[in-house]
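> Quick one, model.csv (CSV, C-alpha atoms):
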chain,number,residue,atom,x,y,z
V,62,MET,CA,-110.1,-147.9,-101.7
V,63,THR,CA,-112.5,-150.7,-102.8
V,64,LEU,CA,-116.0,-150.0,-104.2
V,65,ARG,CA,-117.5,-151.5,-101.0
V,66,GLN,CA,-115.6,-148.9,-98.9
V,67,VAL,CA,-116.7,-146.1,-101.2
V,68,VAL,CA,-120.3,-147.2,-100.7
V,69,TRP,CA,-119.9,-147.3,-96.9
V,70,PHE,CA,-118.2,-143.9,-96.9
V,71,ILE,CA,-120.9,-142.2,-99.0
V,72,ALA,CA,-123.7,-143.9,-97.1
V,73,ALA,CA,-122.2,-142.8,-93.8
V,74,HIS,CA,-122.0,-139.2,-94.9
V,75,ILE,CA,-125.6,-139.1,-96.3
V,76,ALA,CA,-126.9,-140.5,-93.0
V,77,LEU,CA,-124.9,-137.9,-91.0
V,78,VAL,CA,-126.1,-135.0,-93.1
V,79,ALA,CA,-129.7,-136.1,-92.7
V,80,LEU,CA,-129.2,-136.6,-89.0
V,81,ALA,CA,-127.5,-133.2,-88.5
V,82,ILE,CA,-130.1,-131.2,-90.4
V,83,TRP,CA,-133.0,-132.9,-88.6
V,84,PHE,CA,-131.4,-132.7,-85.1
V,85,ASN,CA,-130.3,-129.1,-85.5
V,86,LEU,CA,-133.4,-127.6,-87.1
V,87,ALA,CA,-136.2,-129.9,-86.0
V,88,VAL,CA,-135.1,-130.6,-82.4
V,89,LEU,CA,-132.8,-127.8,-81.2
V,90,CYS,CA,-134.4,-125.0,-83.2
V,91,GLN,CA,-137.9,-126.5,-82.9
V,92,GLY,CA,-138.9,-124.9,-86.2
V,93,ASP,CA,-137.5,-121.5,-85.3
V,94,ALA,CA,-136.6,-119.7,-88.5
V,95,LYS,CA,-134.8,-116.8,-86.8
V,96,PHE,CA,-131.0,-116.6,-86.7
V,97,SER,CA,-130.4,-117.4,-83.1
V,98,GLY,CA,-128.0,-119.9,-81.8
V,99,GLY,CA,-127.5,-121.3,-85.3
V,100,CYS,CA,-131.2,-121.8,-86.0
V,101,GLY,CA,-132.6,-121.1,-89.5
V,102,GLY,CA,-131.1,-119.1,-92.3
V,103,PHE,CA,-127.4,-119.8,-92.8
V,104,GLY,CA,-127.5,-122.4,-90.0
V,105,LEU,CA,-129.1,-124.8,-92.5
V,106,TYR,CA,-125.8,-125.1,-94.3
V,107,ILE,CA,-123.5,-125.5,-91.3
V,108,PRO,CA,-124.2,-129.2,-90.8
V,109,LEU,CA,-123.2,-129.8,-94.5
V,110,TRP,CA,-120.0,-127.7,-94.0
V,111,GLU,CA,-119.0,-129.6,-90.9
V,112,VAL,CA,-119.9,-133.1,-92.0
V,113,PHE,CA,-118.1,-132.9,-95.3
V,114,LEU,CA,-115.1,-130.8,-94.6
V,115,ALA,CA,-114.0,-130.9,-91.0
V,116,PRO,CA,-113.7,-134.8,-90.7
V,117,LEU,CA,-112.0,-135.5,-94.0
V,118,ALA,CA,-108.6,-135.9,-92.4
V,119,LEU,CA,-110.0,-138.3,-89.8
V,120,ALA,CA,-111.8,-140.2,-92.5
V,121,ALA,CA,-108.5,-140.7,-94.4
V,122,ILE,CA,-106.9,-142.3,-91.3
V,123,VAL,CA,-109.8,-144.6,-90.6
V,124,LEU,CA,-110.3,-145.7,-94.2
V,125,GLU,CA,-106.6,-146.6,-94.4
V,126,ARG,CA,-106.9,-148.9,-91.4
V,127,TRP,CA,-110.0,-150.8,-92.7
V,128,GLY,CA,-109.3,-154.1,-94.4
V,129,ARG,CA,-109.7,-153.3,-98.1
V,130,ALA,CA,-111.3,-156.6,-99.0
V,131,GLN,CA,-113.8,-156.6,-96.1
V,132,PRO,CA,-116.6,-154.2,-95.0
V,133,PRO,CA,-115.4,-151.6,-92.5
V,134,PRO,CA,-115.6,-153.0,-88.9
V,135,THR,CA,-118.7,-151.9,-87.2
V,136,LEU,CA,-116.9,-150.5,-84.2
V,137,ARG,CA,-114.6,-148.3,-86.3
V,138,LEU,CA,-117.5,-147.1,-88.4
V,139,LEU,CA,-119.4,-146.1,-85.2
V,140,VAL,CA,-116.3,-144.3,-83.9
V,141,TYR,CA,-116.0,-142.4,-87.2
V,142,LEU,CA,-119.7,-141.5,-87.2
V,143,GLY,CA,-119.6,-140.3,-83.6
V,144,ALA,CA,-116.5,-138.2,-84.2
V,145,THR,CA,-118.1,-136.6,-87.2
V,146,VAL,CA,-121.4,-135.8,-85.5
V,147,PHE,CA,-119.4,-134.3,-82.6
V,148,VAL,CA,-117.5,-132.0,-84.9
V,149,ALA,CA,-120.7,-131.1,-86.7
V,150,GLU,CA,-122.4,-130.1,-83.5
V,151,VAL,CA,-119.5,-128.1,-82.2
V,152,GLY,CA,-119.5,-126.2,-85.4
V,153,PHE,CA,-123.3,-125.6,-85.2
V,154,LEU,CA,-123.0,-124.2,-81.7
V,155,LEU,CA,-120.1,-121.9,-82.7
V,156,ILE,CA,-121.8,-120.5,-85.8
V,157,ASP,CA,-121.9,-117.0,-84.3
V,158,LYS,CA,-118.2,-117.2,-83.5
V,159,PHE,CA,-117.1,-118.1,-87.0
V,160,PRO,CA,-113.3,-117.4,-86.5
V,161,VAL,CA,-113.4,-119.8,-83.5
V,162,LEU,CA,-115.0,-122.4,-85.7
V,163,LEU,CA,-112.4,-122.1,-88.4
V,164,ALA,CA,-109.6,-122.2,-85.8
V,165,LEU,CA,-111.0,-125.3,-84.3
V,166,GLU,CA,-111.2,-127.0,-87.6
V,167,ALA,CA,-107.6,-126.0,-88.5
V,168,VAL,CA,-106.4,-127.5,-85.2
V,169,ILE,CA,-108.2,-130.8,-85.8
V,170,ILE,CA,-106.9,-131.1,-89.3
V,171,ALA,CA,-103.4,-130.2,-88.3
V,172,LEU,CA,-103.3,-132.8,-85.5
V,173,GLU,CA,-104.7,-135.5,-87.8
V,174,ALA,CA,-102.2,-134.6,-90.5
V,175,VAL,CA,-99.3,-134.9,-88.0
V,176,LEU,CA,-100.6,-138.3,-87.0
V,177,ARG,CA,-100.6,-139.7,-90.5
V,178,TRP,CA,-98.8,-138.6,-93.6
V,179,ARG,CA,-101.5,-140.2,-95.8
V,180,THR,CA,-103.9,-137.6,-94.6
V,181,ILE,CA,-101.9,-134.9,-96.3
V,182,ARG,CA,-102.1,-136.9,-99.5
V,183,LEU,CA,-105.9,-136.8,-99.3
V,184,PHE,CA,-105.8,-133.0,-99.5
V,185,LEU,CA,-103.3,-133.2,-102.4
V,186,LEU,CA,-105.7,-135.4,-104.3
V,187,VAL,CA,-108.6,-133.0,-103.9
V,188,GLY,CA,-106.4,-130.1,-105.0
V,189,LEU,CA,-106.3,-128.1,-101.8
V,190,LEU,CA,-102.5,-128.2,-101.7
V,191,ALA,CA,-101.8,-128.6,-105.4
V,192,PRO,CA,-99.1,-125.9,-105.5
V,193,CYS,CA,-97.1,-127.8,-102.9
V,194,LYS,CA,-97.3,-131.1,-104.7
V,195,GLN,CA,-93.7,-131.1,-105.9
V,196,ALA,CA,-92.4,-130.1,-102.4
V,197,VAL,CA,-93.3,-133.4,-100.8
V,198,GLY,CA,-90.6,-135.4,-102.4
V,199,GLN,CA,-92.4,-137.7,-104.8
V,200,SER,CA,-90.5,-140.3,-106.6
V,201,PRO,CA,-89.9,-139.6,-110.3
V,202,ALA,CA,-92.1,-141.5,-112.7
V,203,CYS,CA,-90.6,-144.7,-114.1
V,204,PRO,CA,-90.0,-144.9,-117.9
V,205,PRO,CA,-92.7,-146.6,-119.9
V,206,PHE,CA,-92.6,-150.3,-120.6
V,207,ASP,CA,-91.1,-151.4,-123.9
V,208,THR,CA,-94.1,-153.4,-125.2
V,209,THR,CA,-92.0,-154.8,-128.0
V,210,ALA,CA,-89.4,-156.3,-125.7
V,211,ALA,CA,-89.0,-160.1,-125.4
V,212,TRP,CA,-90.1,-160.1,-121.8
V,213,ALA,CA,-93.3,-158.2,-122.7
V,214,ARG,CA,-94.2,-160.6,-125.5
V,215,THR,CA,-93.7,-163.5,-123.1
V,216,SER,CA,-96.0,-161.9,-120.5
V,217,ARG,CA,-98.7,-161.2,-123.1
V,218,THR,CA,-98.5,-164.7,-124.5
V,219,TRP,CA,-99.2,-166.2,-121.1
V,220,SER,CA,-102.0,-163.8,-120.2
V,221,ASN,CA,-103.9,-164.0,-123.5
V,222,GLU,CA,-107.0,-166.0,-122.9
V,223,SER,CA,-108.5,-165.5,-126.3
V,224,GLY,CA,-109.9,-168.7,-127.6
V,225,LEU,CA,-108.8,-170.7,-124.6
V,226,HIS,CA,-111.0,-173.3,-122.8
V,227,TRP,CA,-110.5,-174.6,-119.3
V,228,SER,CA,-112.0,-177.5,-117.5
V,229,ASN,CA,-113.2,-176.0,-114.1
V,230,ASP,CA,-114.8,-172.6,-114.4
V,231,SER,CA,-116.3,-172.7,-111.0
V,232,LEU,CA,-112.9,-173.2,-109.4
V,233,ARG,CA,-111.6,-170.4,-111.6
V,234,ARG,CA,-114.1,-168.0,-110.1
V,235,VAL,CA,-113.2,-169.0,-106.6
V,236,LEU,CA,-109.5,-168.5,-107.2
V,237,ILE,CA,-110.0,-165.1,-108.8
V,238,SER,CA,-112.0,-164.0,-105.8
V,239,LEU,CA,-109.3,-165.3,-103.4
V,240,GLY,CA,-106.7,-163.5,-105.5
V,241,GLU,CA,-108.6,-160.2,-105.3
V,242,ARG,CA,-108.8,-160.6,-101.5
V,243,ASP,CA,-105.1,-161.2,-101.4
V,244,GLN,CA,-104.2,-158.2,-103.4
V,245,ALA,CA,-106.6,-155.6,-102.1
V,246,PRO,CA,-104.7,-154.7,-98.9
V,247,ARG,CA,-101.4,-154.9,-100.7
V,248,ALA,CA,-102.2,-152.0,-103.1
V,249,GLU,CA,-99.9,-149.7,-101.0
V,250,PHE,CA,-97.8,-152.3,-99.2
V,251,GLY,CA,-94.6,-150.2,-99.3
V,252,ALA,CA,-96.2,-147.2,-97.6
V,253,HIS,CA,-97.6,-149.4,-94.8
V,254,VAL,CA,-94.9,-151.9,-94.1
V,255,THR,CA,-93.9,-150.2,-90.8
V,256,ASP,CA,-97.5,-150.2,-89.6
V,257,THR,CA,-97.6,-153.1,-87.1
V,258,LEU,CA,-101.4,-153.3,-87.2
V,259,TYR,CA,-101.4,-153.4,-91.0
V,260,VAL,CA,-98.8,-156.2,-90.9
V,261,ARG,CA,-100.8,-158.2,-88.4
V,262,GLN,CA,-103.9,-157.9,-90.4
V,263,LEU,CA,-102.0,-159.0,-93.6
V,264,ARG,CA,-100.6,-162.0,-91.9
V,265,SER,CA,-104.1,-163.0,-90.6
V,266,LEU,CA,-105.5,-162.7,-94.1
V,267,ASP,CA,-102.7,-164.7,-95.5
V,268,SER,CA,-103.3,-167.5,-93.0
V,269,THR,CA,-107.0,-167.5,-93.9
V,270,LEU,CA,-106.4,-167.6,-97.6
V,271,ALA,CA,-103.7,-170.3,-97.2
V,272,ALA,CA,-106.2,-172.6,-95.3
V,273,GLU,CA,-108.6,-172.3,-98.2
V,274,MET,CA,-105.8,-173.0,-100.7
V,275,VAL,CA,-104.8,-176.1,-98.9
V,276,LEU,CA,-108.3,-177.5,-99.4
V,277,ILE,CA,-108.1,-176.7,-103.1
V,278,LEU,CA,-104.6,-178.3,-103.5
V,279,ASP,CA,-105.8,-181.4,-101.7
V,280,ARG,CA,-108.8,-181.8,-103.9
V,281,PHE,CA,-107.7,-180.5,-107.4
V,282,GLY,CA,-103.9,-180.3,-107.2
V,283,LEU,CA,-102.0,-177.2,-108.4
V,284,PRO,CA,-104.4,-175.1,-110.5
V,285,THR,CA,-103.1,-174.9,-114.1
V,286,ARG,CA,-103.7,-173.0,-117.3
V,287,SER,CA,-105.8,-175.9,-118.8
V,288,MET,CA,-107.8,-176.3,-115.5
V,289,VAL,CA,-108.7,-172.7,-114.7
V,290,GLY,CA,-107.1,-170.5,-117.3
V,291,PRO,CA,-104.2,-168.1,-116.9
V,292,ALA,CA,-106.1,-165.7,-114.6
V,293,GLY,CA,-107.2,-168.5,-112.3
V,294,SER,CA,-103.8,-170.1,-112.2
V,295,ASP,CA,-102.2,-166.7,-111.4
V,296,ALA,CA,-104.6,-166.1,-108.6
V,297,ALA,CA,-103.7,-169.4,-107.0
V,298,MET,CA,-100.0,-168.6,-107.3
V,299,LEU,CA,-100.6,-165.3,-105.5
V,300,ILE,CA,-102.0,-167.1,-102.5
V,301,ILE,CA,-99.2,-169.6,-102.5
V,302,GLN,CA,-96.5,-166.9,-102.8
V,303,HIS,CA,-97.7,-165.5,-99.5
V,304,SER,CA,-97.7,-168.7,-97.5
V,305,TRP,CA,-94.4,-170.4,-96.8
V,306,PRO,CA,-96.0,-173.8,-95.8
V,307,LEU,CA,-97.4,-174.0,-99.3
V,308,GLN,CA,-94.4,-172.8,-101.3
V,309,GLU,CA,-92.2,-175.9,-101.4
V,310,ARG,CA,-95.2,-178.1,-102.1
V,311,ALA,CA,-96.4,-175.9,-105.0
V,312,LEU,CA,-92.9,-175.6,-106.5
V,313,ALA,CA,-92.5,-179.4,-106.5
V,314,SER,CA,-95.9,-179.8,-108.2
V,315,ALA,CA,-95.2,-177.0,-110.7
V,316,LYS,CA,-91.9,-178.7,-111.8
V,317,ALA,CA,-93.7,-182.0,-112.2
V,318,ILE,CA,-96.3,-180.8,-114.7
V,319,PRO,CA,-95.7,-179.9,-118.4
V,320,ALA,CA,-94.2,-176.5,-119.2
V,321,GLY,CA,-96.6,-173.8,-120.1
V,322,GLN,CA,-99.2,-174.7,-117.4
V,323,ILE,CA,-97.9,-172.2,-114.8
V,324,SER,CA,-97.0,-168.6,-115.5
V,325,PRO,CA,-93.2,-168.4,-116.0
V,326,GLU,CA,-93.2,-165.2,-114.0
V,327,LYS,CA,-95.1,-166.6,-111.1
V,328,LEU,CA,-92.9,-169.8,-111.2
V,329,ALA,CA,-89.7,-167.7,-111.2
V,330,MET,CA,-91.0,-165.7,-108.2
V,331,LEU,CA,-91.9,-168.8,-106.3
V,332,GLU,CA,-88.5,-170.4,-107.0
V,333,ASP,CA,-86.8,-167.2,-105.6
V,334,ARG,CA,-89.0,-167.2,-102.5
V,335,VAL,CA,-88.1,-170.9,-101.7
V,336,LEU,CA,-84.4,-170.3,-102.4
V,337,VAL,CA,-84.2,-167.2,-100.2
V,338,HIS,CA,-86.1,-168.9,-97.4
V,339,GLN,CA,-83.6,-171.8,-97.6
V,340,GLY,CA,-80.7,-169.3,-97.3
V,341,GLN,CA,-79.6,-169.7,-100.9
V,342,PRO,CA,-79.1,-167.0,-103.6
V,343,GLN,CA,-82.1,-166.2,-105.7
V,344,ARG,CA,-82.1,-166.6,-109.5
V,345,PHE,CA,-84.5,-163.9,-110.8
V,346,GLY,CA,-84.0,-161.0,-108.5
V,347,THR,CA,-87.6,-160.8,-107.2
V,348,GLN,CA,-86.9,-160.9,-103.5
V,349,PHE,CA,-86.0,-158.2,-101.0
V,350,ASN,CA,-85.6,-158.6,-97.2
V,351,ALA,CA,-87.3,-156.1,-94.9
V,352,GLY,CA,-84.8,-154.2,-92.7
V,353,PRO,CA,-85.0,-151.7,-89.9
V,354,GLY,CA,-87.3,-148.7,-90.5
V,355,GLY,CA,-89.2,-150.4,-93.3
V,356,VAL,CA,-86.2,-150.3,-95.7
V,357,PHE,CA,-85.8,-153.3,-98.0
V,358,ARG,CA,-82.5,-154.9,-98.9
V,359,PHE,CA,-82.0,-156.9,-102.1
V,360,ALA,CA,-81.5,-160.6,-101.4
V,361,PRO,CA,-78.3,-162.1,-102.8
V,362,VAL,CA,-78.6,-163.3,-106.4
V,363,SER,CA,-76.5,-165.9,-108.3
V,364,ASP,CA,-74.9,-164.9,-111.6
V,365,THR,CA,-75.8,-161.2,-111.9
V,366,THR,CA,-74.4,-161.0,-115.4
V,367,GLY,CA,-77.3,-163.2,-116.7
V,368,LEU,CA,-80.0,-161.8,-114.4
V,369,ASP,CA,-81.9,-159.6,-116.9
V,370,ALA,CA,-81.8,-162.5,-119.5
V,371,ARG,CA,-83.4,-164.9,-117.0
V,372,ARG,CA,-86.0,-162.3,-116.1
V,373,SER,CA,-86.8,-161.7,-119.7
V,374,ALA,CA,-87.3,-165.4,-120.4
V,375,ALA,CA,-89.7,-165.5,-117.4
V,376,GLY,CA,-91.7,-162.5,-118.7
V,377,MET,CA,-90.4,-159.9,-116.2
V,378,PRO,CA,-89.1,-156.4,-116.9
V,379,PRO,CA,-85.4,-155.5,-116.6
V,380,MET,CA,-84.1,-155.3,-113.0
V,381,ARG,CA,-83.6,-151.5,-113.1
V,382,GLN,CA,-87.2,-150.9,-114.1
V,383,TYR,CA,-88.5,-153.4,-111.6
V,384,VAL,CA,-86.7,-151.5,-108.8
V,385,CYS,CA,-88.1,-148.2,-110.1
V,386,LEU,CA,-91.7,-149.7,-110.0
V,387,LEU,CA,-91.2,-150.9,-106.4
V,388,GLU,CA,-90.1,-147.4,-105.3
V,389,GLU,CA,-92.9,-145.8,-107.3
V,390,ALA,CA,-95.3,-148.0,-105.4
V,391,GLY,CA,-94.0,-146.7,-102.1
V,392,MET,CA,-91.4,-149.3,-101.2
V,393,ARG,CA,-88.2,-147.9,-99.7
V,394,VAL,CA,-85.3,-149.8,-101.3
V,395,ASP,CA,-81.7,-149.7,-100.1
V,396,ARG,CA,-80.1,-149.1,-103.4
V,397,ALA,CA,-76.7,-149.8,-102.0
V,398,SER,CA,-77.8,-153.4,-101.6
V,399,LEU,CA,-78.4,-153.7,-105.4
V,400,PRO,CA,-75.6,-154.9,-107.8
V,401,GLY,CA,-74.1,-151.7,-109.3
V,402,ALA,CA,-75.5,-152.4,-112.8
V,403,PHE,CA,-79.0,-152.5,-111.6
V,404,ARG,CA,-79.3,-149.3,-109.5
V,405,PRO,CA,-81.8,-146.9,-111.0
What do you get writing this file as structure tokens?

Amino acid sequence: MTLRQVVWFIAAHIALVALAIWFNLAVLCQGDAKFSGGCGGFGLYIPLWEVFLAPLALAAIVLERWGRAQPPPTLRLLVYLGATVFVAEVGFLLIDKFPVLLALEAVIIALEAVLRWRTIRLFLLVGLLAPCKQAVGQSPACPPFDTTAAWARTSRTWSNESGLHWSNDSLRRVLISLGERDQAPRAEFGAHVTDTLYVRQLRSLDSTLAAEMVLILDRFGLPTRSMVGPAGSDAAMLIIQHSWPLQERALASAKAIPAGQISPEKLAMLEDRVLVHQGQPQRFGTQFNAGPGGVFRFAPVSDTTGLDARRSAAGMPPMRQYVCLLEEAGMRVDRASLPGAFRP
């Protein structure tokens, strides 16, 4: 969840609390302090109870479907606000039938949990179902990186911007912003890959970002380390990686410039993408093809015996650890499609 979404989420709840308290006590109760129909006394706290607890499951579903790099769409926000107010008012009217109120909330939360597995994870995060955490089949944690390995040193060498100077800082800022927009909705790609709405939104975003990248490539050429620094160049490569029409052009440009100007990792991934798209075996083992049910199959690779050595030279972790990280991020990998030596 982005900072902007958190702000929207908190602002919505503050507004709802204020509205519920004012409407229930000032309008319905008309200042009546007696305990009748929910007015006064304990009734003051019912709007808080309902607004903050009952709609949490619904909020989890709605927040997931909002574009992470954009403000929540107004229509969906209004739907969320309306649903929350409805639940709050039902709770207020049923205050004198507390068991009914609790049963209603249980039914709502159960239905929403059935609709979306991510809802259950929300409750796990706030500790309501902590004892059951191991029962939901979480993937085991991947082993820590070996920071002294050759691939890690290569990666650090490329990313280190200490003492570096680049020629176009304004373009760098634009590229980093584009890269953040590209990555925000991909934070949990593996868990959402079967969600058709999510995939359509991702493709739409990719098209928008690619159009902006075309203008940059036409005007400045391929952004390099000396032009925009490692972070700016990496951000440009992220946009290119997700747009096939740009990939062959960018790969040809990258091979025509001096070595060290493009991240070896990003260049290796781009080469794999182009090869796989052309129906040829990949070289660095970065590509998987989506299959039925959101399961990813490893794309054929040339020379498996030298795969980890090529990955290391490009600043990428060993294949086994790479697959483990993908699974830890929520991607379902068909391990049978992997070469035997690289199965976790």
> Could you list, as an MDAnalysis selection string, every residue within 9 Å of region 324-328 of chain V, counting all atoms listed in the file and ignoring same-chain residues fewer than 4 positions away?
chainID V and resid 215:216 219:220 285:286 291 294:295 298:299 302 312 315:316 320 332:333 372 374:377
> Output C-alpha atoms of each residue in that selection to a file, as an mmCIF file, in the coordinates of the input.

data_model
loop_
_atom_site.group_PDB
_atom_site.id
_atom_site.type_symbol
_atom_site.label_atom_id
_atom_site.label_comp_id
_atom_site.auth_asym_id
_atom_site.auth_seq_id
_atom_site.Cartn_x
_atom_site.Cartn_y
_atom_site.Cartn_z
ATOM 1 C CA THR V 215 -93.700 -163.500 -123.100
ATOM 2 C CA SER V 216 -96.000 -161.900 -120.500
ATOM 3 C CA TRP V 219 -99.200 -166.200 -121.100
ATOM 4 C CA SER V 220 -102.000 -163.800 -120.200
ATOM 5 C CA THR V 285 -103.100 -174.900 -114.100
ATOM 6 C CA ARG V 286 -103.700 -173.000 -117.300
ATOM 7 C CA PRO V 291 -104.200 -168.100 -116.900
ATOM 8 C CA SER V 294 -103.800 -170.100 -112.200
ATOM 9 C CA ASP V 295 -102.200 -166.700 -111.400
ATOM 10 C CA MET V 298 -100.000 -168.600 -107.300
ATOM 11 C CA LEU V 299 -100.600 -165.300 -105.500
ATOM 12 C CA GLN V 302 -96.500 -166.900 -102.800
ATOM 13 C CA LEU V 312 -92.900 -175.600 -106.500
ATOM 14 C CA ALA V 315 -95.200 -177.000 -110.700
ATOM 15 C CA LYS V 316 -91.900 -178.700 -111.800
ATOM 16 C CA ALA V 320 -94.200 -176.500 -119.200
ATOM 17 C CA GLU V 332 -88.500 -170.400 -107.000
ATOM 18 C CA ASP V 333 -86.800 -167.200 -105.600
ATOM 19 C CA ARG V 372 -86.000 -162.300 -116.100
ATOM 20 C CA ALA V 374 -87.300 -165.400 -120.400
ATOM 21 C CA ALA V 375 -89.700 -165.500 -117.400
ATOM 22 C CA GLY V 376 -91.700 -162.500 -118.700
ATOM 23 C CA MET V 377 -90.400 -159.900 -116.200
#
> Counting all atoms listed in the file, write as a ChimeraX atom specification all protein and nucleic acid residues lying at most 10 Å from (-108.3, -178.8, -110.9) in the file's frame.
/V:227-230,232-233,277-289,294
> Mind giving me the straight-line distance from CA of Arg381 (chain V) to CA of Pro204 (chain V) in Å, one decimal?
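So the answer is 10.4 Å.
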> So how many Å separate CA of Pro246 (chain V) and CA of Ala272 (chain V), to one decimal?
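About the pair CA of Pro246 (chain V) and CA of Ala272 (chain V): they are 18.3 Å apart.
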> Could you work out how far CA of Val275 (chain V) lies from CA of His338 (chain V), giving the answer in Å with one decimal?
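Those two atoms sit 20.1 Å apart.
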> What would the list of residues within 12 Å of (-94.9, -175.5, -97.2) (file frame) look like as a short mmCIF file (atom, residue, chain, number, x, y, z; two decimals) with C-alpha atoms, in the frame of the given file, if all atoms listed in the file are what count?

data_model
loop_
_atom_site.label_atom_id
_atom_site.label_comp_id
_atom_site.auth_asym_id
_atom_site.auth_seq_id
_atom_site.Cartn_x
_atom_site.Cartn_y
_atom_site.Cartn_z
CA ALA V 271 -103.70 -170.30 -97.20
CA ALA V 272 -106.20 -172.60 -95.30
CA MET V 274 -105.80 -173.00 -100.70
CA VAL V 275 -104.80 -176.10 -98.90
CA LEU V 278 -104.60 -178.30 -103.50
CA ILE V 301 -99.20 -169.60 -102.50
CA GLN V 302 -96.50 -166.90 -102.80
CA HIS V 303 -97.70 -165.50 -99.50
CA SER V 304 -97.70 -168.70 -97.50
CA TRP V 305 -94.40 -170.40 -96.80
CA PRO V 306 -96.00 -173.80 -95.80
CA LEU V 307 -97.40 -174.00 -99.30
CA GLN V 308 -94.40 -172.80 -101.30
CA GLU V 309 -92.20 -175.90 -101.40
CA ARG V 310 -95.20 -178.10 -102.10
CA ALA V 311 -96.40 -175.90 -105.00
CA LEU V 312 -92.90 -175.60 -106.50
CA ALA V 313 -92.50 -179.40 -106.50
CA SER V 314 -95.90 -179.80 -108.20
CA LEU V 331 -91.90 -168.80 -106.30
CA ARG V 334 -89.00 -167.20 -102.50
CA VAL V 335 -88.10 -170.90 -101.70
CA HIS V 338 -86.10 -168.90 -97.40
CA GLN V 339 -83.60 -171.80 -97.60
#
> Between V:Ile237, V:Leu368, V:Leu80, V:Ile318, single out the one closest to Gly293 (chain V), counting only C-alpha atoms.
V:Ile237
> Ranking V:Phe359, V:Tyr259, V:Trp212, V:Phe206 by minimum distance to Leu386 (chain V) and counting only C-alpha atoms, which one comes first?
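The shortest atom-to-atom distance to Leu386 (chain V) comes from V:Phe206.
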> Excluding same-chain residues fewer than 6 positions from Ser223 (chain V), what lies within 12 Å of it counting only C-alpha atoms, as a ChimeraX atom specification?
/V:217,290-292
> Counting all atoms listed in the file, which residue out of V:Gln262, V:Pro378, V:Leu336, V:Gly354 sits closest to Thr208 (chain V)?
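Using all atoms listed in the file, Thr208 (chain V) sits closest to V:Pro378.
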